[in-house]
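Below: one structure, written as structure tokens.
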Amino acid sequence: KTENDQGKINILVNSAGISLGADVVSTDFDIWKKVHHVNLDSVFLGCKYAVPIMGKYEHGSIINISSIASLRGPVGRVAYAGTKGAVDAMTRALAADWGEQGIRVNAIAPGALTRMTEDLGMGEASEEDKALMHPRYIAPVVTWLQSAESSDVTGRVFEASGRLLGVANGWHRGPTADAVDDPTEIADVARRLVSEAQLNSGMDGQPFDGGLLG
């Protein structure tokens, strides 16, 4: 219908999202499926039907709204974090698949106060913190990513809030060792690699060991 009415699609913003459930034990499977249906299936279906139209004109910009939950594991939001991590992975895969057809695909992980995040506790933040989560810090990134000024940018995940604007480094390989096929040797090698690797980051962006290290 959009193609018939407008002739073509230049921009697609996939922004649907819900956050339900808790940790993996407490989350009902129906809730898990519902979160995936809204957060992930919507991206798949939006791209599935927009990409062929964009491909006809060899031009298009797709912007997927991800979350900082995809970059830093939040407590008690396994379904939400899982879907947003998948959105980031899909963004990179889509960018690789369709770049030669002139279609760019990027994602934004916003730290924004919305009706959804307000219900998750952000609504209790101080007025100063709320100001830093204003959508005005997200809108310029969306505007730039759909413009010709970003025509060479694809496959990127941008973090945006009133605190910072950043771009994720992706999944870079960390420390490595020679392949191990002896079960009696794996512990020493694996533990050395873990000790050499950077810590994951918490929701505040600071190094976080997952609560497993003393």
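By convention in this document, the chains of the structure tokens carry letters A, B, ... by their order, each chain's residues are numbered from 1, and ligands are numbered from 1 in the order they are shown.
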
Practice task
Please identify which residues in chain A DSSP calls helix (DSSP H, G or I) from the backbone, and express them as a count of residues only.
Solution key: 99

Practice task
Skip range 147-155 of chain A itself and residues of its chain fewer than 3 positions away, then list as a PyMOL selection string all residues within 6 Å of it, counting only C-alpha atoms.
Solution key: chain A and resi 91-92+95+104-106+144

Restricted to all heavy atoms, what would the selected residues look like written as a short mmCIF file (atom, residue, chain, number, x, y, z; two decimals), in the first residue's frame?
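To be explicit, this is the file written out as out.cif:
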data_model
loop_
_atom_site.label_atom_id
_atom_site.label_comp_id
_atom_site.auth_asym_id
_atom_site.auth_seq_id
_atom_site.Cartn_x
_atom_site.Cartn_y
_atom_site.Cartn_z
N THR A 91 20.93 -6.07 12.56
CA THR A 91 21.36 -4.83 11.91
C THR A 91 22.64 -5.07 11.13
O THR A 91 22.76 -4.65 9.96
CB THR A 91 21.57 -3.73 12.96
OG1 THR A 91 20.31 -3.43 13.58
CG2 THR A 91 22.15 -2.47 12.35
N ARG A 92 23.61 -5.74 11.74
CA ARG A 92 24.88 -6.00 11.05
C ARG A 92 24.69 -6.96 9.89
O ARG A 92 25.30 -6.80 8.82
CB ARG A 92 25.90 -6.53 12.06
CG ARG A 92 26.37 -5.49 13.06
CD ARG A 92 27.50 -5.99 13.94
NE ARG A 92 27.04 -6.93 14.94
CZ ARG A 92 26.66 -6.59 16.17
NH1 ARG A 92 26.67 -5.32 16.53
NH2 ARG A 92 26.27 -7.50 17.04
N ALA A 95 22.93 -5.15 7.03
CA ALA A 95 23.86 -4.23 6.37
C ALA A 95 24.77 -5.00 5.41
O ALA A 95 25.06 -4.52 4.30
CB ALA A 95 24.70 -3.50 7.42
N ARG A 104 21.30 1.02 3.47
CA ARG A 104 22.08 1.12 4.71
C ARG A 104 21.21 0.71 5.90
O ARG A 104 20.02 1.02 5.92
CB ARG A 104 22.59 2.54 4.91
CG ARG A 104 23.50 3.02 3.79
CD ARG A 104 24.05 4.39 4.05
NE ARG A 104 23.01 5.42 4.13
CZ ARG A 104 22.65 6.05 5.24
NH1 ARG A 104 23.24 5.76 6.40
NH2 ARG A 104 21.72 6.99 5.22
N VAL A 105 21.81 0.04 6.85
CA VAL A 105 21.07 -0.42 8.03
C VAL A 105 21.91 -0.10 9.28
O VAL A 105 23.04 -0.57 9.40
CB VAL A 105 20.76 -1.93 7.98
CG1 VAL A 105 19.79 -2.30 9.10
CG2 VAL A 105 20.19 -2.33 6.63
N ASN A 106 21.36 0.69 10.17
CA ASN A 106 22.02 1.04 11.42
C ASN A 106 21.04 0.91 12.57
O ASN A 106 19.83 0.76 12.36
CB ASN A 106 22.57 2.48 11.35
CG ASN A 106 23.68 2.63 10.34
OD1 ASN A 106 24.82 2.26 10.59
ND2 ASN A 106 23.36 3.19 9.17
N TRP A 144 20.19 12.29 11.17
CA TRP A 144 21.46 12.14 10.46
C TRP A 144 21.54 10.82 9.71
O TRP A 144 21.98 10.78 8.55
CB TRP A 144 22.61 12.26 11.45
CG TRP A 144 23.97 12.13 10.82
CD1 TRP A 144 24.58 13.03 9.99
CD2 TRP A 144 24.87 11.03 10.96
NE1 TRP A 144 25.82 12.57 9.61
CE2 TRP A 144 26.02 11.33 10.19
CE3 TRP A 144 24.82 9.83 11.67
CZ2 TRP A 144 27.11 10.46 10.11
CZ3 TRP A 144 25.91 8.97 11.59
CH2 TRP A 144 27.03 9.29 10.82
#

Exercise for the section: Would you please work out which residue, of A:Ala81, A:Cys47, A:Ala89, A:Ile186, is nearest to Trp32 in chain A when using only C-alpha atoms? Expected result: A:Ala81

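Proximity to Asn14 in chain A was assessed for A:Asn39, A:Asp28, A:Tyr49, A:Ile65 counting only C-alpha atoms; the smallest distance is recorded for A:Ile65.
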
Handout entry: Residues within 6 Å of Ser67 in chain A, only C-alpha atoms, excluding chain neighbours under 3 positions, as a PyMOL selection string
Key = chain A and resi 70+109-110

Could you turn the residues from that selection into a file that holds all heavy atoms, as a PDB file, in the first residue's frame?
ATOM      1  N   SER A  70      20.998  -4.049  25.189  1.00  0.00           N
ATOM      2  CA  SER A  70      21.687  -4.984  24.289  1.00  0.00           C
ATOM      3  C   SER A  70      23.202  -4.909  24.458  1.00  0.00           C
ATOM      4  O   SER A  70      23.919  -5.846  24.110  1.00  0.00           O
ATOM      5  CB  SER A  70      21.328  -4.685  22.833  1.00  0.00           C
ATOM      6  OG  SER A  70      21.955  -3.489  22.384  1.00  0.00           O
ATOM      7  N   ALA A 109      20.803   2.690  20.104  1.00  0.00           N
ATOM      8  CA  ALA A 109      20.515   2.203  21.454  1.00  0.00           C
ATOM      9  C   ALA A 109      20.292   3.427  22.339  1.00  0.00           C
ATOM     10  O   ALA A 109      21.249   4.004  22.857  1.00  0.00           O
ATOM     11  CB  ALA A 109      21.675   1.353  21.976  1.00  0.00           C
ATOM     12  N   PRO A 110      19.049   3.847  22.515  1.00  0.00           N
ATOM     13  CA  PRO A 110      18.790   5.107  23.229  1.00  0.00           C
ATOM     14  C   PRO A 110      18.711   4.926  24.737  1.00  0.00           C
ATOM     15  O   PRO A 110      18.264   3.893  25.241  1.00  0.00           O
ATOM     16  CB  PRO A 110      17.428   5.530  22.669  1.00  0.00           C
ATOM     17  CG  PRO A 110      16.739   4.237  22.365  1.00  0.00           C
ATOM     18  CD  PRO A 110      17.831   3.272  21.942  1.00  0.00           C
TER      19      PRO A 110
END

Practice task
Extract, using only C-alpha atoms, all DNA, RNA and protein residues at most 12 Å from Pro52 in chain A, discarding same-chain residues fewer than 5 positions from it, and format them as a PyMOL selection string.
Solution key: chain A and resi 3+8-10+45-47+57-60+98+101-103

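Between CA of Gly76 in chain A and CA of Ala16 in chain A the separation is 20.4 Å.
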
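For Ile138 in chain A, the set of protein, DNA and RNA residues having any atom at most 7 Å away, when counting only C-alpha atoms and skipping those fewer than 2 positions along the same chain, is Pro110, Pro135, Arg136, Pro140, Val141, Val142, Ala160 and Ser161 of chain A.
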
Selected residues written out with N, CA, C and O atoms, as an mmCIF file, in the first residue's frame:
data_model
loop_
_atom_site.group_PDB
_atom_site.id
_atom_site.type_symbol
_atom_site.label_atom_id
_atom_site.label_comp_id
_atom_site.auth_asym_id
_atom_site.auth_seq_id
_atom_site.Cartn_x
_atom_site.Cartn_y
_atom_site.Cartn_z
ATOM 1 N N PRO A 110 19.049 3.847 22.515
ATOM 2 C CA PRO A 110 18.790 5.107 23.229
ATOM 3 C C PRO A 110 18.711 4.926 24.737
ATOM 4 O O PRO A 110 18.264 3.893 25.241
ATOM 5 N N PRO A 135 14.026 12.728 24.673
ATOM 6 C CA PRO A 135 14.156 12.232 23.288
ATOM 7 C C PRO A 135 14.888 13.173 22.339
ATOM 8 O O PRO A 135 15.290 12.755 21.248
ATOM 9 N N ARG A 136 15.065 14.436 22.745
ATOM 10 C CA ARG A 136 15.755 15.367 21.837
ATOM 11 C C ARG A 136 17.192 14.945 21.573
ATOM 12 O O ARG A 136 17.807 15.394 20.598
ATOM 13 N N PRO A 140 18.326 13.805 16.731
ATOM 14 C CA PRO A 140 19.360 14.182 15.755
ATOM 15 C C PRO A 140 20.068 12.984 15.125
ATOM 16 O O PRO A 140 20.470 13.049 13.956
ATOM 17 N N VAL A 141 20.212 11.900 15.884
ATOM 18 C CA VAL A 141 20.877 10.715 15.325
ATOM 19 C C VAL A 141 20.000 10.088 14.255
ATOM 20 O O VAL A 141 20.489 9.685 13.188
ATOM 21 N N VAL A 142 18.687 10.020 14.528
ATOM 22 C CA VAL A 142 17.761 9.493 13.522
ATOM 23 C C VAL A 142 17.799 10.356 12.267
ATOM 24 O O VAL A 142 17.874 9.847 11.134
ATOM 25 N N ALA A 160 22.879 6.711 22.356
ATOM 26 C CA ALA A 160 22.546 8.136 22.405
ATOM 27 C C ALA A 160 21.717 8.443 23.641
ATOM 28 O O ALA A 160 20.741 7.761 23.953
ATOM 29 N N SER A 161 22.127 9.484 24.354
ATOM 30 C CA SER A 161 21.384 10.005 25.498
ATOM 31 C C SER A 161 21.905 11.403 25.783
ATOM 32 O O SER A 161 22.791 11.906 25.064
#
